[in-house]
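S.K.: One file: input19.pdb (PDB, C-alpha atoms and all ligand atoms).
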ATOM      1  CA  MET V   1      78.531 106.902 107.186
ATOM      2  CA  LEU V   2      82.196 106.236 107.777
ATOM      3  CA  ASP V   3      82.238 102.636 108.902
ATOM      4  CA  LEU V   4      85.312 100.400 108.979
ATOM      5  CA  THR V   5      83.689  97.578 110.925
ATOM      6  CA  GLY V   6      85.214  94.237 109.991
ATOM      7  CA  LYS V   7      88.192  95.823 108.205
ATOM      8  CA  ASN V   8      91.692  94.713 109.164
ATOM      9  CA  ALA V   9      94.087  97.663 109.387
ATOM     10  CA  LEU V  10      97.849  97.398 109.809
ATOM     11  CA  VAL V  11      99.397 100.640 111.066
ATOM     12  CA  THR V  12     103.147 101.341 110.905
ATOM     13  CA  GLY V  13     105.014 104.281 112.405
ATOM     14  CA  ILE V  14     103.800 104.757 115.978
ATOM     15  CA  ALA V  15     106.684 105.897 118.194
ATOM     16  CA  ASN V  16     104.791 107.902 120.830
ATOM     17  CA  ASN V  17     101.589 109.827 121.498
ATOM     18  CA  ARG V  18     102.650 112.631 119.162
ATOM     19  CA  SER V  19     103.074 110.311 116.161
ATOM     20  CA  ILE V  20     100.770 110.978 113.235
ATOM     21  CA  ALA V  21     100.325 107.193 113.020
ATOM     22  CA  TRP V  22      98.869 107.270 116.543
ATOM     23  CA  GLY V  23      96.290 109.848 115.420
ATOM     24  CA  ILE V  24      95.447 107.616 112.461
ATOM     25  CA  ALA V  25      95.244 104.390 114.478
ATOM     26  CA  GLN V  26      92.850 106.011 116.944
ATOM     27  CA  GLN V  27      90.504 107.216 114.195
ATOM     28  CA  LEU V  28      90.558 103.849 112.397
ATOM     29  CA  HIS V  29      89.735 102.138 115.686
ATOM     30  CA  LYS V  30      86.953 104.621 116.381
ATOM     31  CA  ALA V  31      85.471 103.777 112.970
ATOM     32  CA  GLY V  32      85.403 100.091 113.928
ATOM     33  CA  ALA V  33      88.529  98.647 112.267
ATOM     34  CA  ASN V  34      90.532  95.781 113.770
ATOM     35  CA  ILE V  35      93.943  97.228 114.501
ATOM     36  CA  GLY V  36      97.364  95.683 113.961
ATOM     37  CA  ILE V  37     100.483  97.598 114.944
ATOM     38  CA  THR V  38     104.079  97.357 113.818
ATOM     39  CA  TYR V  39     106.850  99.163 115.673
ATOM     40  CA  LEU V  40     110.544  99.807 115.097
ATOM     41  CA  PRO V  41     112.402  97.495 117.499
ATOM     42  CA  ASP V  42     115.477  98.610 119.415
ATOM     43  CA  GLU V  43     118.081  96.540 121.228
ATOM     44  CA  LYS V  44     116.772  97.152 124.740
ATOM     45  CA  GLY V  45     113.112  96.607 123.875
ATOM     46  CA  LYS V  46     112.219 100.125 125.084
ATOM     47  CA  MET V  47     110.209 101.000 121.988
ATOM     48  CA  GLU V  48     108.231  97.769 122.194
ATOM     49  CA  LYS V  49     107.245  98.498 125.801
ATOM     50  CA  LYS V  50     106.403 102.151 125.174
ATOM     51  CA  VAL V  51     104.299 101.511 122.085
ATOM     52  CA  ALA V  52     102.587  98.474 123.647
ATOM     53  CA  GLU V  53     101.411 100.602 126.600
ATOM     54  CA  LEU V  54     100.228 103.393 124.339
ATOM     55  CA  VAL V  55      98.207 101.227 121.941
ATOM     56  CA  GLU V  56      96.652  98.978 124.577
ATOM     57  CA  PRO V  57      93.292 100.841 124.517
ATOM     58  CA  LEU V  58      92.973  99.966 120.826
ATOM     59  CA  ASN V  59      93.173  96.294 121.719
ATOM     60  CA  PRO V  60      95.434  95.438 118.770
ATOM     61  CA  SER V  61      95.133  91.851 117.581
ATOM     62  CA  ILE V  62      98.574  92.060 115.980
ATOM     63  CA  PHE V  63     101.625  93.707 117.581
ATOM     64  CA  VAL V  64     104.875  92.926 115.798
ATOM     65  CA  PRO V  65     108.323  94.446 115.197
ATOM     66  CA  CYS V  66     109.047  95.694 111.694
ATOM     67  CA  ASN V  67     112.181  97.550 110.741
ATOM     68  CA  VAL V  68     111.489  98.357 107.084
ATOM     69  CA  GLN V  69     115.195  98.006 106.266
ATOM     70  CA  ASP V  70     114.954  94.318 107.120
ATOM     71  CA  ASP V  71     113.159  92.131 104.553
ATOM     72  CA  ASP V  72     112.917  89.205 106.979
ATOM     73  CA  GLN V  73     111.135  91.353 109.580
ATOM     74  CA  ILE V  74     108.742  92.654 106.936
ATOM     75  CA  GLN V  75     107.929  89.116 105.831
ATOM     76  CA  ALA V  76     107.484  87.964 109.433
ATOM     77  CA  ALA V  77     105.101  90.864 110.126
ATOM     78  CA  PHE V  78     102.942  89.965 107.143
ATOM     79  CA  ASP V  79     103.113  86.267 108.046
ATOM     80  CA  SER V  80     101.508  87.292 111.351
ATOM     81  CA  VAL V  81      98.819  89.106 109.395
ATOM     82  CA  GLN V  82      98.215  85.996 107.295
ATOM     83  CA  ASP V  83      98.014  83.777 110.390
ATOM     84  CA  LYS V  84      95.801  86.077 112.436
ATOM     85  CA  TRP V  85      93.545  87.753 109.900
ATOM     86  CA  GLY V  86      93.950  85.802 106.640
ATOM     87  CA  ARG V  87      93.564  89.064 104.741
ATOM     88  CA  ILE V  88      94.311  92.748 105.145
ATOM     89  CA  ASP V  89      92.118  95.672 104.024
ATOM     90  CA  ILE V  90      94.067  98.728 105.157
ATOM     91  CA  LEU V  91      97.772  99.513 105.293
ATOM     92  CA  ILE V  92      99.039 102.742 106.824
ATOM     93  CA  HIS V  93     102.610 103.640 105.863
ATOM     94  CA  CYS V  94     103.504 106.450 108.258
ATOM     95  CA  LEU V  95     107.256 106.449 108.659
ATOM     96  CA  ALA V  96     110.353 108.205 107.430
ATOM     97  CA  PHE V  97     113.938 108.740 108.455
ATOM     98  CA  ALA V  98     116.971 110.797 107.459
ATOM     99  CA  ASN V  99     120.133 111.459 109.413
ATOM    100  CA  LYS V 100     119.792 114.692 111.410
ATOM    101  CA  ASP V 101     122.939 116.054 109.713
ATOM    102  CA  ASP V 102     121.148 115.786 106.379
ATOM    103  CA  LEU V 103     118.173 117.860 107.586
ATOM    104  CA  SER V 104     120.049 121.136 107.865
ATOM    105  CA  GLY V 105     122.933 122.826 106.108
ATOM    106  CA  SER V 106     124.016 122.138 102.552
ATOM    107  CA  PHE V 107     121.929 119.788 100.436
ATOM    108  CA  ALA V 108     124.776 119.614  97.899
ATOM    109  CA  GLU V 109     126.924 118.025 100.604
ATOM    110  CA  THR V 110     124.525 115.180 101.371
ATOM    111  CA  SER V 111     126.547 111.969 101.650
ATOM    112  CA  ARG V 112     125.896 108.992  99.378
ATOM    113  CA  SER V 113     125.036 106.850 102.376
ATOM    114  CA  GLY V 114     122.770 109.493 103.922
ATOM    115  CA  PHE V 115     120.894 109.838 100.649
ATOM    116  CA  ALA V 116     120.515 106.058 100.323
ATOM    117  CA  THR V 117     119.307 105.671 103.919
ATOM    118  CA  ALA V 118     116.665 108.392 103.588
ATOM    119  CA  LEU V 119     115.293 106.951 100.360
ATOM    120  CA  ASP V 120     115.463 103.353 101.541
ATOM    121  CA  ILE V 121     113.465 103.948 104.723
ATOM    122  CA  SER V 122     111.203 106.763 103.574
ATOM    123  CA  THR V 123     110.452 105.813  99.963
ATOM    124  CA  TYR V 124     111.399 102.261  99.011
ATOM    125  CA  SER V 125     109.643 100.920 102.111
ATOM    126  CA  LEU V 126     106.255 101.896 100.648
ATOM    127  CA  VAL V 127     106.978  99.949  97.472
ATOM    128  CA  LYS V 128     108.179  96.937  99.435
ATOM    129  CA  LEU V 129     105.236  96.926 101.866
ATOM    130  CA  CYS V 130     102.751  97.238  99.003
ATOM    131  CA  GLY V 131     104.359  94.290  97.231
ATOM    132  CA  VAL V 132     104.092  92.116 100.330
ATOM    133  CA  ALA V 133     100.587  93.331 101.229
ATOM    134  CA  LYS V 134      99.104  92.837  97.761
ATOM    135  CA  PRO V 135      98.527  89.064  97.936
ATOM    136  CA  LEU V 136      96.845  89.559 101.335
ATOM    137  CA  MET V 137      94.491  92.253 100.001
ATOM    138  CA  SER V 138      92.294  89.567  98.517
ATOM    139  CA  GLU V 139      89.110  91.653  98.805
ATOM    140  CA  GLY V 140      90.709  94.895  97.614
ATOM    141  CA  GLY V 141      92.141  97.458  99.956
ATOM    142  CA  SER V 142      93.345 100.930 100.754
ATOM    143  CA  ILE V 143      96.942 101.970 101.325
ATOM    144  CA  VAL V 144      97.744 105.412 102.734
ATOM    145  CA  THR V 145     101.160 107.015 103.101
ATOM    146  CA  LEU V 146     102.276 110.347 104.563
ATOM    147  CA  THR V 147     104.079 113.030 102.629
ATOM    148  CA  TYR V 148     104.957 116.711 102.988
ATOM    149  CA  LEU V 149     104.997 119.820 100.829
ATOM    150  CA  GLY V 150     108.806 119.635 100.839
ATOM    151  CA  GLY V 151     108.414 116.910  98.204
ATOM    152  CA  VAL V 152     107.110 119.409  95.644
ATOM    153  CA  ARG V 153     108.582 122.738  96.812
ATOM    154  CA  VAL V 154     111.882 123.730  98.353
ATOM    155  CA  ILE V 155     111.380 124.033 102.112
ATOM    156  CA  PRO V 156     114.349 125.186 104.230
ATOM    157  CA  ASN V 157     116.326 122.278 105.735
ATOM    158  CA  TYR V 158     114.032 119.554 104.380
ATOM    159  CA  ASN V 159     116.816 118.724 101.899
ATOM    160  CA  VAL V 160     117.163 114.989 101.197
ATOM    161  CA  MET V 161     113.745 114.275 102.709
ATOM    162  CA  GLY V 162     112.231 116.425  99.964
ATOM    163  CA  ILE V 163     113.712 114.105  97.380
ATOM    164  CA  ALA V 164     112.453 111.101  99.344
ATOM    165  CA  LYS V 165     108.926 112.567  99.458
ATOM    166  CA  ALA V 166     108.988 113.403  95.728
ATOM    167  CA  GLY V 167     109.870 109.757  95.089
ATOM    168  CA  LEU V 168     107.188 108.654  97.516
ATOM    169  CA  GLU V 169     104.486 110.692  95.768
ATOM    170  CA  MET V 170     105.478 109.306  92.366
ATOM    171  CA  SER V 171     105.560 105.791  93.845
ATOM    172  CA  VAL V 172     101.958 106.358  94.960
ATOM    173  CA  ARG V 173     100.985 106.998  91.325
ATOM    174  CA  TYR V 174     102.816 103.966  89.916
ATOM    175  CA  LEU V 175     101.459 101.742  92.703
ATOM    176  CA  ALA V 176      97.917 103.051  92.258
ATOM    177  CA  SER V 177      98.113 102.319  88.541
ATOM    178  CA  GLU V 178      99.440  98.805  89.064
ATOM    179  CA  LEU V 179      97.240  97.769  91.993
ATOM    180  CA  GLY V 180      94.033  99.440  90.813
ATOM    181  CA  PRO V 181      92.858  96.432  88.759
ATOM    182  CA  SER V 182      92.962  94.433  92.039
ATOM    183  CA  ASN V 183      90.734  97.110  93.612
ATOM    184  CA  ILE V 184      93.583  98.271  95.814
ATOM    185  CA  ARG V 185      93.743 102.047  96.165
ATOM    186  CA  VAL V 186      96.925 103.928  97.056
ATOM    187  CA  ASN V 187      96.898 107.542  98.220
ATOM    188  CA  ALA V 188      99.078 109.974 100.131
ATOM    189  CA  ILE V 189      98.166 112.586 102.703
ATOM    190  CA  SER V 190     100.357 115.675 102.612
ATOM    191  CA  ALA V 191     100.142 116.899 106.188
ATOM    192  CA  GLY V 192     100.980 120.373 107.409
ATOM    193  CA  PRO V 193     103.852 120.645 109.897
ATOM    194  CA  ILE V 194     103.159 118.993 113.254
ATOM    195  CA  ARG V 195     105.529 118.696 116.233
ATOM    196  CA  THR V 196     106.646 115.066 116.395
ATOM    197  CA  LEU V 197     109.841 113.130 117.014
ATOM    198  CA  ALA V 198     110.610 112.963 113.281
ATOM    199  CA  SER V 199     109.823 116.607 112.573
ATOM    200  CA  SER V 200     111.981 117.778 115.490
ATOM    201  CA  ALA V 201     114.988 116.559 113.469
ATOM    202  CA  VAL V 202     114.199 119.085 110.720
ATOM    203  CA  GLY V 203     116.060 122.316 111.413
ATOM    204  CA  GLY V 204     113.726 125.272 112.062
ATOM    205  CA  ILE V 205     110.519 123.203 112.255
ATOM    206  CA  LEU V 206     109.045 125.520 114.914
ATOM    207  CA  ASP V 207     109.602 128.548 112.657
ATOM    208  CA  MET V 208     107.817 126.654 109.895
ATOM    209  CA  ILE V 209     104.859 125.908 112.175
ATOM    210  CA  HIS V 210     104.631 129.578 113.218
ATOM    211  CA  HIS V 211     104.833 130.665 109.586
ATOM    212  CA  VAL V 212     101.965 128.316 108.652
ATOM    213  CA  GLU V 213      99.932 129.671 111.580
ATOM    214  CA  GLU V 214     100.340 133.175 110.143
ATOM    215  CA  VAL V 215      99.847 132.424 106.458
ATOM    216  CA  ALA V 216      97.579 129.376 106.011
ATOM    217  CA  PRO V 217      93.953 130.176 105.179
ATOM    218  CA  LEU V 218      92.810 128.588 108.461
ATOM    219  CA  ARG V 219      95.549 130.528 110.357
ATOM    220  CA  ARG V 220      96.786 127.419 112.121
ATOM    221  CA  THR V 221      98.483 124.133 111.406
ATOM    222  CA  VAL V 222      96.749 120.758 111.697
ATOM    223  CA  THR V 223      96.455 118.047 114.333
ATOM    224  CA  GLN V 224      97.200 114.339 114.268
ATOM    225  CA  THR V 225      93.443 113.751 114.674
ATOM    226  CA  GLU V 226      92.642 115.762 111.541
ATOM    227  CA  VAL V 227      95.142 113.713 109.570
ATOM    228  CA  GLY V 228      93.656 110.589 111.161
ATOM    229  CA  ASN V 229      90.168 111.547 110.058
ATOM    230  CA  THR V 230      91.284 111.996 106.453
ATOM    231  CA  ALA V 231      93.116 108.674 106.586
ATOM    232  CA  ALA V 232      89.937 106.996 107.875
ATOM    233  CA  PHE V 233      88.013 108.550 104.970
ATOM    234  CA  LEU V 234      90.635 107.328 102.473
ATOM    235  CA  CYS V 235      90.395 103.837 103.976
ATOM    236  CA  SER V 236      86.606 103.754 103.796
ATOM    237  CA  ASP V 237      84.145 103.126 100.999
ATOM    238  CA  LEU V 238      83.306 106.845 101.078
ATOM    239  CA  SER V 239      86.479 107.408  99.034
ATOM    240  CA  SER V 240      86.006 104.407  96.718
ATOM    241  CA  GLY V 241      86.622 106.512  93.588
ATOM    242  CA  ILE V 242      89.896 108.062  94.784
ATOM    243  CA  THR V 243      93.304 106.560  94.039
ATOM    244  CA  GLY V 244      96.783 107.780  93.140
ATOM    245  CA  GLN V 245      96.158 111.159  94.804
ATOM    246  CA  VAL V 246      98.007 113.398  97.206
ATOM    247  CA  ILE V 247      95.436 114.960  99.539
ATOM    248  CA  TYR V 248      96.577 118.061 101.415
ATOM    249  CA  VAL V 249      95.615 118.222 105.083
ATOM    250  CA  ASP V 250      97.463 121.426 105.823
ATOM    251  CA  ALA V 251      94.910 124.103 106.778
ATOM    252  CA  GLY V 252      95.138 125.253 103.152
ATOM    253  CA  TYR V 253      98.787 126.356 103.233
ATOM    254  CA  GLU V 254      99.617 124.693  99.894
ATOM    255  CA  ILE V 255      97.414 127.033  97.846
ATOM    256  CA  MET V 256      99.123 130.222  98.989
ATOM    257  CA  GLY V 257     101.220 131.982  96.322
ATOM    258  CA  MET V 258     103.168 134.053  98.872
ATOM    259  CA  GLY V 259     103.724 131.086 101.226
TER
HETATM  260  P1  LIG H   1     107.266 110.067 114.253
HETATM  261  O1  LIG H   1     108.671 110.222 114.678
HETATM  262  O2  LIG H   1     106.247 109.981 115.304
HETATM  263  O3  LIG H   1     107.092 108.829 113.279
HETATM  264  C1  LIG H   1     108.132 108.366 112.438
HETATM  265  C2  LIG H   1     108.112 106.873 112.573
HETATM  266  O4  LIG H   1     109.041 106.293 111.648
HETATM  267  C3  LIG H   1     108.523 106.395 113.968
HETATM  268  O5  LIG H   1     107.498 105.597 114.514
HETATM  269  C4  LIG H   1     109.760 105.557 113.707
HETATM  270  O6  LIG H   1     109.866 104.454 114.574
HETATM  271  C5  LIG H   1     109.500 105.112 112.275
HETATM  272  N1  LIG H   1     110.695 104.600 111.613
HETATM  273  C6  LIG H   1     111.862 105.245 111.385
HETATM  274  N2  LIG H   1     112.735 104.383 110.801
HETATM  275  C7  LIG H   1     112.090 103.203 110.647
HETATM  276  C8  LIG H   1     112.447 101.928 110.139
HETATM  277  N3  LIG H   1     113.679 101.694 109.643
HETATM  278  N4  LIG H   1     111.537 100.936 110.132
HETATM  279  C9  LIG H   1     110.289 101.136 110.638
HETATM  280  N5  LIG H   1     109.889 102.316 111.159
HETATM  281  C10 LIG H   1     110.783 103.329 111.158
HETATM  282  O7  LIG H   1     106.981 111.327 113.278
HETATM  283  P2  LIG H   1     105.737 111.702 112.351
HETATM  284  O8  LIG H   1     105.883 113.151 112.095
HETATM  285  O9  LIG H   1     104.486 111.182 112.906
HETATM  286  O10 LIG H   1     106.091 110.967 110.982
HETATM  287  C11 LIG H   1     105.212 110.055 110.339
HETATM  288  C12 LIG H   1     105.162 110.355 108.846
HETATM  289  O11 LIG H   1     104.520 111.623 108.638
HETATM  290  C13 LIG H   1     106.520 110.465 108.155
HETATM  291  O12 LIG H   1     106.440 109.898 106.867
HETATM  292  C14 LIG H   1     106.692 111.965 108.043
HETATM  293  O13 LIG H   1     107.584 112.338 106.994
HETATM  294  C15 LIG H   1     105.278 112.371 107.727
HETATM  295  N6  LIG H   1     104.961 113.793 107.877
HETATM  296  C16 LIG H   1     105.210 114.423 109.045
HETATM  297  C17 LIG H   1     104.897 115.767 109.166
HETATM  298  C18 LIG H   1     105.182 116.519 110.441
HETATM  299  O14 LIG H   1     105.246 117.749 110.413
HETATM  300  N7  LIG H   1     105.337 115.842 111.564
HETATM  301  C19 LIG H   1     104.336 116.473 108.087
HETATM  302  C20 LIG H   1     104.085 115.779 106.911
HETATM  303  C21 LIG H   1     104.404 114.435 106.806
END
Any chance you could put this one into structure tokens?
Ligand code: NAD

M.R.:
Amino acid sequence: MLDLTGKNALVTGIANNRSIAWGIAQQLHKAGANIGITYLPDEKGKMEKKVAELVEPLNPSIFVPCNVQDDDQIQAAFDSVQDKWGRIDILIHCLAFANKDDLSGSFAETSRSGFATALDISTYSLVKLCGVAKPLMSEGGSIVTLTYLGGVRVIPNYNVMGIAKAGLEMSVRYLASELGPSNIRVNAISAGPIRTLASSAVGGILDMIHHVEEVAPLRRTVTQTEVGNTAAFLCSDLSSGITGQVIYVDAGYEIMGMG
């Protein structure tokens, strides 16, 4: 049985009720995990208020800001984890960012700064969070990140984010290898296209969703809840032999030769 009772789970990346991280947090909570939430703060505190209202039903015992470009905020977030829980069992890395200009048009014209920003937020942040989480995963743990097919194949307009996801998937392997002896597992879920705030920045995302609905073996794309269920599995003892993997939750689209 999938049971996360007594597990402490820190979830990053909730912006609104369409966020994949929201689907994951709900399923972890349903399975009995204690939930901690980090959010991306903004100057007016709007995000804090919005996310706080959304996650209230999950009764989070930790609710802290964490901009992954800010090492001090990352440390402060994990200090809260140390103070409140003493240890962490589950870390969900469910965030990414690239400038909208870099998610359409010419990849060859990606700016140096746009490239650096996309890889800093979308790729390096996993490495950094794992490094900070490791000492708190004193009883082992499970770390799950989110990737997309555009990290292994050329998908129109995904551009620099494809490079970020390729780096993310390889980071999963290096991290899994290094953290495995501490019984910390690291895996990625490669989700099919879902309408969210982040995906709306990718040019032609709706066309991609319609294409998947026509071509994928299940003739549809996936939901946040389906991704959440797989994340809950990857965070549970049911997946205790799985690490360093990229698991496709994409209605089967990835297998199609004429995709
Ligand atoms: P989303 O917009 O709901 O979530 C993206 C999150 O990233 C937001 O909560 C945002 O606040 C956060 N974020 C951005 N910059 C940040 C920073 N500097 N520090 C901390 N947080 C920051 O969109 P989503 O689609 O749920 O994206 C979640 C993850 O799923 C991303 O890694 C995305 O690439 C991946 N993914 C999405 C799809 C899709 O089609 N939506 C498919 C496959 C993978």

S.K.: Which residues are close to V:Tyr158, i.e. within 12 Å by all atoms listed in the file, leaving aside same-chain residues fewer than 5 positions away? Reply as a PyMOL selection string.

M.R.: chain V and resi 97-107+110+118+148-153+163-166+193+198-205+208

S.K.: Tell me, counting all atoms listed in the file, for each residue of chain V within 8 Å of ligand LIG 1 (chain H), which pair of atoms is nearest and how far apart they are in Å to one decimal, in rows ordered by chain and increasing number, as a Markdown table.

M.R.:
| residue | atom | partner | partner_atom | distance |
| --- | --- | --- | --- | --- |
| V:Thr12 | CA | H:LIG1 | N5 | 6.8 |
| V:Gly13 | CA | H:LIG1 | O5 | 3.5 |
| V:Ile14 | CA | H:LIG1 | O5 | 4.1 |
| V:Ala15 | CA | H:LIG1 | O5 | 3.8 |
| V:Asn16 | CA | H:LIG1 | O2 | 6.1 |
| V:Asn17 | CA | H:LIG1 | O2 | 7.8 |
| V:Arg18 | CA | H:LIG1 | O2 | 5.9 |
| V:Ser19 | CA | H:LIG1 | O2 | 3.3 |
| V:Ile20 | CA | H:LIG1 | O9 | 3.7 |
| V:Ala21 | CA | H:LIG1 | O9 | 5.8 |
| V:Trp22 | CA | H:LIG1 | O9 | 7.8 |
| V:Thr38 | CA | H:LIG1 | C9 | 7.9 |
| V:Tyr39 | CA | H:LIG1 | O6 | 6.2 |
| V:Leu40 | CA | H:LIG1 | C9 | 4.7 |
| V:Pro41 | CA | H:LIG1 | O6 | 8.0 |
| V:Cys66 | CA | H:LIG1 | C9 | 5.7 |
| V:Asn67 | CA | H:LIG1 | N4 | 3.5 |
| V:Val68 | CA | H:LIG1 | N4 | 4.0 |
| V:Gln69 | CA | H:LIG1 | N3 | 5.2 |
| V:Asp70 | CA | H:LIG1 | N3 | 7.9 |
| V:His93 | CA | H:LIG1 | O12 | 7.4 |
| V:Cys94 | CA | H:LIG1 | C12 | 4.3 |
| V:Leu95 | CA | H:LIG1 | O4 | 3.5 |
| V:Ala96 | CA | H:LIG1 | O12 | 4.3 |
| V:Phe97 | CA | H:LIG1 | C6 | 5.0 |
| V:Ile121 | CA | H:LIG1 | N3 | 5.4 |
| V:Ser122 | CA | H:LIG1 | O12 | 6.6 |
| V:Thr145 | CA | H:LIG1 | O12 | 7.1 |
| V:Leu146 | CA | H:LIG1 | O12 | 4.8 |
| V:Thr147 | CA | H:LIG1 | C21 | 4.4 |
| V:Tyr148 | CA | H:LIG1 | C20 | 4.1 |
| V:Leu149 | CA | H:LIG1 | C20 | 7.4 |
| V:Met161 | CA | H:LIG1 | O13 | 7.8 |
| V:Lys165 | CA | H:LIG1 | O13 | 7.7 |
| V:Ile189 | CA | H:LIG1 | C21 | 7.7 |
| V:Ser190 | CA | H:LIG1 | C20 | 5.7 |
| V:Ala191 | CA | H:LIG1 | C20 | 4.2 |
| V:Gly192 | CA | H:LIG1 | C19 | 5.2 |
| V:Pro193 | CA | H:LIG1 | O14 | 3.3 |
| V:Ile194 | CA | H:LIG1 | O14 | 3.7 |
| V:Arg195 | CA | H:LIG1 | N7 | 5.5 |
| V:Thr196 | CA | H:LIG1 | O8 | 4.8 |
| V:Leu197 | CA | H:LIG1 | O1 | 3.9 |
| V:Ala198 | CA | H:LIG1 | O1 | 3.6 |
| V:Ser199 | CA | H:LIG1 | N7 | 4.7 |
| V:Ser200 | CA | H:LIG1 | N7 | 8.0 |
| V:Ile205 | CA | H:LIG1 | O14 | 7.8 |

S.K.: Run the PyMOL selection byres (((chain V and resi 31) around 7) and not hetatm) on the file and write out the hits as a list in words.

M.R.: Leu2, Asp3, Leu4, Thr5, Gln27, Leu28, His29, Lys30, Gly32 and Ala33 of chain V

S.K.: My list of candidates is V:Lys128, V:Met170, V:Ser236, V:Ser61. Which is closest to V:Met1 when distances are computed with all atoms listed in the file?

M.R.: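 Using all atoms listed in the file, the shortest distance to V:Met1 belongs to V:Ser236.
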
S.K.: In Å, rounded to a single decimal, give me how far atom CA of V:Asp42 is from atom CA of V:Ala133.

M.R.: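 That distance, rounded to one decimal, is 24.1 Å.
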
S.K.: Between atom CA of V:Ala188 and atom CA of V:Val144, what distance in Å does the model show, to one decimal?

M.R.: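 Atom CA of V:Val144 lies at a distance of 5.4 Å from atom CA of V:Ala188.
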